[in-house]
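Data file: work-v8.txt. Format and content: compact mmCIF, C-alpha atoms.
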# COMPACT_ATOMS: atom_id res chain seq x y z
CA MET A 1 35.07 -3.53 3.26
CA ASP A 2 38.29 -2.75 1.37
CA LEU A 3 40.63 -5.40 -0.01
CA PHE A 4 43.01 -5.39 2.94
CA SER A 5 40.18 -5.53 5.48
CA PHE A 6 38.82 -8.60 3.70
CA ASP A 7 42.15 -10.39 4.22
CA CYS A 8 42.38 -9.17 7.82
CA ALA A 9 39.04 -10.82 8.53
CA TYR A 10 40.52 -14.16 7.46
CA ARG A 11 43.57 -13.61 9.65
CA ASP A 12 41.31 -12.79 12.59
CA GLY A 13 39.59 -16.11 11.94
CA GLY A 14 42.82 -17.97 12.61
CA TYR A 15 44.54 -18.02 9.20
CA ARG A 16 47.56 -15.89 10.08
CA VAL A 17 49.31 -16.20 6.71
CA ILE A 18 47.20 -16.42 3.56
CA ALA A 19 48.13 -16.89 -0.07
CA GLY A 20 46.00 -15.45 -2.86
CA VAL A 21 45.76 -17.29 -6.18
CA ASP A 22 44.44 -16.10 -9.53
CA GLU A 23 44.99 -16.76 -13.22
CA ALA A 24 45.17 -14.88 -16.49
CA GLY A 25 44.49 -16.11 -19.99
CA ARG A 26 41.73 -18.71 -19.87
CA GLY A 27 39.83 -17.15 -22.78
CA PRO A 28 42.40 -16.30 -25.49
CA TRP A 29 42.84 -18.33 -28.64
CA ALA A 30 46.62 -18.36 -28.30
CA GLY A 31 49.35 -18.41 -25.70
CA PRO A 32 49.61 -19.86 -22.20
CA VAL A 33 47.40 -19.67 -19.18
CA VAL A 34 49.34 -18.15 -16.30
CA ALA A 35 48.59 -18.44 -12.58
CA ALA A 36 50.15 -16.59 -9.68
CA ALA A 37 50.16 -17.11 -5.92
CA VAL A 38 51.05 -14.19 -3.66
CA ILE A 39 51.58 -13.83 0.08
CA LEU A 40 51.47 -10.21 1.25
CA PRO A 41 52.77 -8.96 4.60
CA THR A 42 50.17 -7.88 7.14
CA ASP A 43 51.40 -4.28 6.90
CA SER A 44 51.31 -4.23 3.08
CA ASN A 45 50.73 -0.80 1.52
CA LEU A 46 49.81 -0.94 -2.15
CA PRO A 47 47.82 2.17 -3.10
CA GLY A 48 45.41 1.54 -5.95
CA LEU A 49 45.51 -2.25 -5.63
CA ASN A 50 42.53 -3.76 -7.42
CA ASP A 51 41.38 -6.44 -9.82
CA SER A 52 43.89 -6.34 -12.69
CA LYS A 53 41.05 -6.06 -15.24
CA LYS A 54 40.04 -2.72 -13.71
CA LEU A 55 43.51 -1.21 -14.03
CA SER A 56 45.33 0.37 -16.96
CA PRO A 57 48.45 -1.38 -18.27
CA GLN A 58 50.54 1.44 -16.78
CA LYS A 59 49.00 1.05 -13.32
CA ARG A 60 49.37 -2.72 -13.50
CA ALA A 61 53.07 -2.32 -14.28
CA VAL A 62 53.58 0.00 -11.31
CA LEU A 63 51.75 -2.38 -8.97
CA PHE A 64 53.59 -5.39 -10.41
CA ASP A 65 56.88 -3.82 -9.33
CA ALA A 66 55.50 -2.80 -5.94
CA ILE A 67 54.10 -6.28 -5.26
CA SER A 68 57.33 -7.92 -6.42
CA ALA A 69 59.30 -5.71 -4.03
CA SER A 70 57.07 -6.14 -0.98
CA ALA A 71 55.49 -9.61 -1.11
CA LEU A 72 56.63 -12.27 1.33
CA ALA A 73 56.50 -14.80 -1.49
CA ILE A 74 55.37 -15.06 -5.11
CA GLY A 75 54.90 -18.18 -7.21
CA VAL A 76 54.04 -18.32 -10.91
CA GLY A 77 52.81 -21.26 -12.95
CA VAL A 78 52.57 -21.39 -16.75
CA CYS A 79 50.80 -23.92 -18.97
CA ASP A 80 51.36 -23.57 -22.68
CA ALA A 81 48.99 -24.27 -25.55
CA GLY A 82 50.11 -27.89 -25.82
CA ILE A 83 49.10 -28.62 -22.23
CA ILE A 84 45.83 -26.73 -22.72
CA ASP A 85 45.04 -28.83 -25.79
CA SER A 86 45.90 -32.14 -24.13
CA HIS A 87 44.20 -31.49 -20.78
CA ASN A 88 41.52 -28.81 -21.53
CA ILE A 89 41.65 -25.22 -20.30
CA LEU A 90 40.17 -25.88 -16.85
CA GLN A 91 42.62 -28.64 -16.00
CA ALA A 92 45.52 -26.62 -17.44
CA THR A 93 44.48 -23.72 -15.20
CA PHE A 94 44.54 -26.01 -12.16
CA ILE A 95 47.99 -27.29 -13.18
CA ALA A 96 49.28 -23.72 -13.42
CA MET A 97 47.70 -22.83 -10.06
CA ARG A 98 49.24 -25.85 -8.33
CA GLU A 99 52.62 -24.97 -9.80
CA ALA A 100 52.28 -21.38 -8.56
CA VAL A 101 51.39 -22.50 -5.03
CA GLU A 102 54.19 -25.07 -4.95
CA LYS A 103 56.71 -22.37 -5.90
CA LEU A 104 55.89 -20.23 -2.85
CA SER A 105 58.98 -19.95 -0.66
CA ALA A 106 57.08 -19.06 2.52
CA THR A 107 54.71 -21.20 4.58
CA PHE A 108 51.04 -20.25 4.85
CA ASP A 109 47.88 -21.31 6.63
CA ALA A 110 45.27 -21.01 3.88
CA ILE A 111 44.75 -20.25 0.22
CA LEU A 112 42.16 -17.84 -1.16
CA VAL A 113 41.35 -18.74 -4.78
CA ASP A 114 39.55 -16.43 -7.17
CA GLY A 115 36.40 -18.03 -8.58
CA SER A 116 33.95 -20.72 -7.56
CA MET A 117 36.33 -23.70 -7.34
CA THR A 118 39.26 -24.62 -5.15
CA ILE A 119 42.41 -26.19 -6.59
CA PRO A 120 42.32 -30.00 -6.68
CA GLY A 121 45.38 -31.92 -5.57
CA LEU A 122 46.46 -29.60 -2.75
CA ALA A 123 46.32 -30.55 0.92
CA HIS A 124 46.14 -26.94 2.12
CA THR A 125 43.03 -25.27 3.51
CA GLN A 126 41.36 -23.40 0.65
CA ASN A 127 38.49 -21.00 0.17
CA ALA A 128 37.06 -20.13 -3.27
CA ILE A 129 36.06 -16.46 -3.47
CA ILE A 130 33.76 -15.48 -6.35
CA GLY A 131 34.96 -12.09 -7.60
CA GLY A 132 37.90 -12.46 -5.25
CA ASP A 133 40.22 -10.29 -7.34
CA GLY A 134 37.98 -7.35 -6.45
CA LYS A 135 37.55 -8.33 -2.78
CA SER A 136 40.84 -9.70 -1.45
CA ALA A 137 44.19 -7.91 -1.47
CA CYS A 138 46.26 -11.06 -1.90
CA ILE A 139 44.05 -12.32 -4.75
CA ALA A 140 44.16 -8.91 -6.44
CA ALA A 141 47.95 -8.97 -6.15
CA ALA A 142 48.01 -12.44 -7.71
CA SER A 143 45.76 -11.24 -10.54
CA ILE A 144 48.22 -8.45 -11.34
CA ILE A 145 51.27 -10.73 -11.25
CA ALA A 146 49.53 -13.26 -13.50
CA LYS A 147 48.19 -10.68 -15.95
CA VAL A 148 51.43 -8.71 -16.35
CA THR A 149 53.49 -11.90 -16.64
CA ARG A 150 51.20 -13.26 -19.35
CA ASP A 151 51.06 -9.96 -21.26
CA ARG A 152 54.86 -9.83 -21.31
CA LEU A 153 55.02 -13.40 -22.59
CA MET A 154 52.62 -12.48 -25.40
CA VAL A 155 54.72 -9.45 -26.33
CA ALA A 156 57.73 -11.77 -26.55
CA TYR A 157 55.74 -14.16 -28.75
CA SER A 158 54.79 -11.24 -30.99
CA ARG A 159 58.45 -10.89 -31.92
CA GLU A 160 58.59 -14.57 -32.84
CA TYR A 161 55.28 -14.50 -34.76
CA PRO A 162 54.88 -10.84 -35.82
CA GLN A 163 52.11 -11.50 -38.36
CA TYR A 164 49.56 -12.10 -35.57
CA SER A 165 50.10 -8.83 -33.62
CA PHE A 166 50.03 -10.64 -30.28
CA GLU A 167 51.42 -7.51 -28.63
CA LYS A 168 48.09 -5.79 -29.31
CA HIS A 169 45.42 -8.35 -28.43
CA LYS A 170 47.46 -10.80 -26.30
CA GLY A 171 45.90 -13.76 -28.11
CA TYR A 172 42.26 -12.83 -27.53
CA GLY A 173 39.73 -13.28 -30.32
CA THR A 174 39.72 -9.81 -31.85
CA GLN A 175 38.79 -9.05 -35.44
CA GLU A 176 42.46 -8.37 -36.23
CA HIS A 177 43.47 -11.72 -34.76
CA HIS A 178 40.76 -13.51 -36.73
CA GLY A 179 41.96 -11.87 -39.93
CA ALA A 180 45.54 -12.95 -39.30
CA LEU A 181 44.40 -16.51 -38.64
CA LYS A 182 42.51 -16.61 -41.94
CA ALA A 183 45.54 -15.23 -43.77
CA TYR A 184 48.30 -17.29 -42.15
CA GLY A 185 46.64 -20.16 -40.32
CA PRO A 186 47.49 -21.03 -36.72
CA CYS A 187 51.01 -20.91 -35.32
CA PRO A 188 52.52 -23.21 -32.64
CA ILE A 189 51.14 -21.20 -29.72
CA HIS A 190 47.52 -21.29 -30.93
CA ARG A 191 45.14 -23.46 -28.90
CA LYS A 192 44.05 -26.01 -31.46
CA SER A 193 41.35 -27.41 -29.16
CA PHE A 194 39.54 -24.04 -29.08
CA GLU A 195 36.57 -23.88 -31.43
CA PRO A 196 37.72 -20.97 -33.69
CA ILE A 197 41.09 -22.64 -34.29
CA ARG A 198 39.62 -26.13 -34.67
CA ARG A 199 37.06 -24.81 -37.15
CA LEU A 200 39.77 -23.08 -39.17
CA LEU A 201 41.89 -26.23 -39.27
CA ASN A 202 38.87 -28.27 -40.39
CA ASP A 203 38.08 -25.76 -43.16
CA ARG A 204 41.66 -25.89 -44.40
CA ALA A 205 41.59 -29.70 -44.44
CA ILE A 206 38.57 -29.79 -46.76
Rewrite the coordinates I just gave you, this time as structure tokens.
Amino acid sequence: MDLFSFDCAYRDGGYRVIAGVDEAGRGPWAGPVVAAAVILPTDSNLPGLNDSKKLSPQKRAVLFDAISASALAIGVGVCDAGIIDSHNILQATFIAMREAVEKLSATFDAILVDGSMTIPGLAHTQNAIIGGDGKSACIAAASIIAKVTRDRLMVAYSREYPQYSFEKHKGYGTQEHHGALKAYGPCPIHRKSFEPIRRLLNDRAI
């Protein structure tokens, strides 16, 4: 079953309009977690649509523009490092997902969420789809919107904090990022509740 057929099966089950939700950036040491919600038209044509992790940056950019031009509605939610540190990454992800859903300008019958958990605090019908970004067209579209949006935010942060090379690793725990942290310490967008950053701060306090 291809991604669009998966969504069609839900529509045939009575959910005429569905919104896909996914996030990007739960694992990095720095930067926000970003969630997106996308409603695609039933006649959507997005060649090459897939899980954002399986696509090159160039293909993601092309699909980002195509999704932005054709979607019935798109919502994006962003939670920065401060919210992640005060709430934990899971709860911050849920906050970003709720924000993304609440920003949708079109009505819908159900939400398909990538992963094993639905979004708490929403009254809408939801289904959690494990590996949904590789199964459902609307979730795959949301994964691309979230990923490209977050990557662009990290490139912007790289201009503000050039010593960390965020434009290269997007805040993930690469060797280069670790070296920059040891040399310069954390900056305001680092997630101080994450173990590598917390350990570094503890070492510097000794």
Q: With all atoms listed in the file counted, which protein, DNA or RNA residues have an atom no more than 10 Å from (50.2, -8.1, -18.6) in the file frame? Please answer as a PyMOL selection string.
A: chain A and resi 24-25+52-53+56-58+60-61+64+143-155+170
Print the selection's residues with C-alpha atoms to a file, as a CSV table (one decimal), in the frame of the given file.
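In the end it all went to part.csv:
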chain,number,residue,atom,x,y,z
A,24,ALA,CA,45.2,-14.9,-16.5
A,25,GLY,CA,44.5,-16.1,-20.0
A,52,SER,CA,43.9,-6.3,-12.7
A,53,LYS,CA,41.0,-6.1,-15.2
A,56,SER,CA,45.3,0.4,-17.0
A,57,PRO,CA,48.4,-1.4,-18.3
A,58,GLN,CA,50.5,1.4,-16.8
A,60,ARG,CA,49.4,-2.7,-13.5
A,61,ALA,CA,53.1,-2.3,-14.3
A,64,PHE,CA,53.6,-5.4,-10.4
A,143,SER,CA,45.8,-11.2,-10.5
A,144,ILE,CA,48.2,-8.4,-11.3
A,145,ILE,CA,51.3,-10.7,-11.2
A,146,ALA,CA,49.5,-13.3,-13.5
A,147,LYS,CA,48.2,-10.7,-16.0
A,148,VAL,CA,51.4,-8.7,-16.4
A,149,THR,CA,53.5,-11.9,-16.6
A,150,ARG,CA,51.2,-13.3,-19.4
A,151,ASP,CA,51.1,-10.0,-21.3
A,152,ARG,CA,54.9,-9.8,-21.3
A,153,LEU,CA,55.0,-13.4,-22.6
A,154,MET,CA,52.6,-12.5,-25.4
A,155,VAL,CA,54.7,-9.4,-26.3
A,170,LYS,CA,47.5,-10.8,-26.3
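Among the candidate residues A:Lys182, A:Ile18, A:Pro188, A:Ile111, the one lying nearest to Leu200 in chain A is A:Lys182, with distances computed using only C-alpha atoms.
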(Q) I'd like the contact shell of Tyr184 in chain A - 12 Å cut-off, all atoms listed in the file, skipping same-chain residues fewer than 6 positions apart - returned as a list in words. (A)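 That gives Tyr161, Pro162, Gln163, Tyr164, His177, His178, His190, Ile197, Leu200, Leu201 and Arg204 of chain A.
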Please produce a file of the residues just selected, as a short mmCIF file (atom, residue, chain, number, x, y, z; two decimals), in the frame of the given file, where the atoms kept are C-alpha atoms.
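This is the output file out_9.cif:
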data_model
loop_
_atom_site.label_atom_id
_atom_site.label_comp_id
_atom_site.auth_asym_id
_atom_site.auth_seq_id
_atom_site.Cartn_x
_atom_site.Cartn_y
_atom_site.Cartn_z
CA TYR A 161 55.28 -14.50 -34.76
CA PRO A 162 54.88 -10.84 -35.82
CA GLN A 163 52.11 -11.50 -38.36
CA TYR A 164 49.56 -12.10 -35.57
CA HIS A 177 43.47 -11.72 -34.76
CA HIS A 178 40.76 -13.51 -36.73
CA HIS A 190 47.52 -21.29 -30.93
CA ILE A 197 41.09 -22.64 -34.29
CA LEU A 200 39.77 -23.08 -39.17
CA LEU A 201 41.89 -26.23 -39.27
CA ARG A 204 41.66 -25.89 -44.40
#
Counting all atoms listed in the file, which residues of range 67-137 of chain A fall within 7 Å of range 34-40 of chain A, and what is the closest atom pair for each with its distance in Å at one decimal, ordered by chain and rising number, as JSON lines?
{"residue": "A:Ala71", "atom": "CA", "partner": "A:Leu40", "partner_atom": "CA", "distance": 4.7}
{"residue": "A:Leu72", "atom": "CA", "partner": "A:Ile39", "partner_atom": "CA", "distance": 5.4}
{"residue": "A:Ala73", "atom": "CA", "partner": "A:Ile39", "partner_atom": "CA", "distance": 5.3}
{"residue": "A:Ile74", "atom": "CA", "partner": "A:Val38", "partner_atom": "CA", "distance": 4.6}
{"residue": "A:Gly75", "atom": "CA", "partner": "A:Ala37", "partner_atom": "CA", "distance": 5.0}
{"residue": "A:Val76", "atom": "CA", "partner": "A:Ala36", "partner_atom": "CA", "distance": 4.4}
{"residue": "A:Gly77", "atom": "CA", "partner": "A:Ala35", "partner_atom": "CA", "distance": 5.1}
{"residue": "A:Val78", "atom": "CA", "partner": "A:Val34", "partner_atom": "CA", "distance": 4.6}
{"residue": "A:Cys79", "atom": "CA", "partner": "A:Val34", "partner_atom": "CA", "distance": 6.5}
{"residue": "A:Ala96", "atom": "CA", "partner": "A:Ala35", "partner_atom": "CA", "distance": 5.4}
{"residue": "A:Met97", "atom": "CA", "partner": "A:Ala35", "partner_atom": "CA", "distance": 5.1}
{"residue": "A:Ala100", "atom": "CA", "partner": "A:Ala36", "partner_atom": "CA", "distance": 5.4}
{"residue": "A:Val101", "atom": "CA", "partner": "A:Ala37", "partner_atom": "CA", "distance": 5.6}
**Q.** Selected residue, from A:Asp51, A:Lys192, A:Asp85, A:Val21, that lies nearest to Leu104 in chain A when counting all atoms listed in the file
**A.**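 Of the candidates, the smallest distance to Leu104 in chain A is held by A:Val21.
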Q) By how many Å are CA of Gly13 in chain A and CA of Ala123 in chain A apart? A) 19.4 Å
Q. Which one is closest to Ile130 in chain A: A:Asp114, A:Asp109, A:Glu160, A:Glu167? Count all atoms listed in the file.
A.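 The answer is A:Asp114, which sits nearest to Ile130 in chain A.
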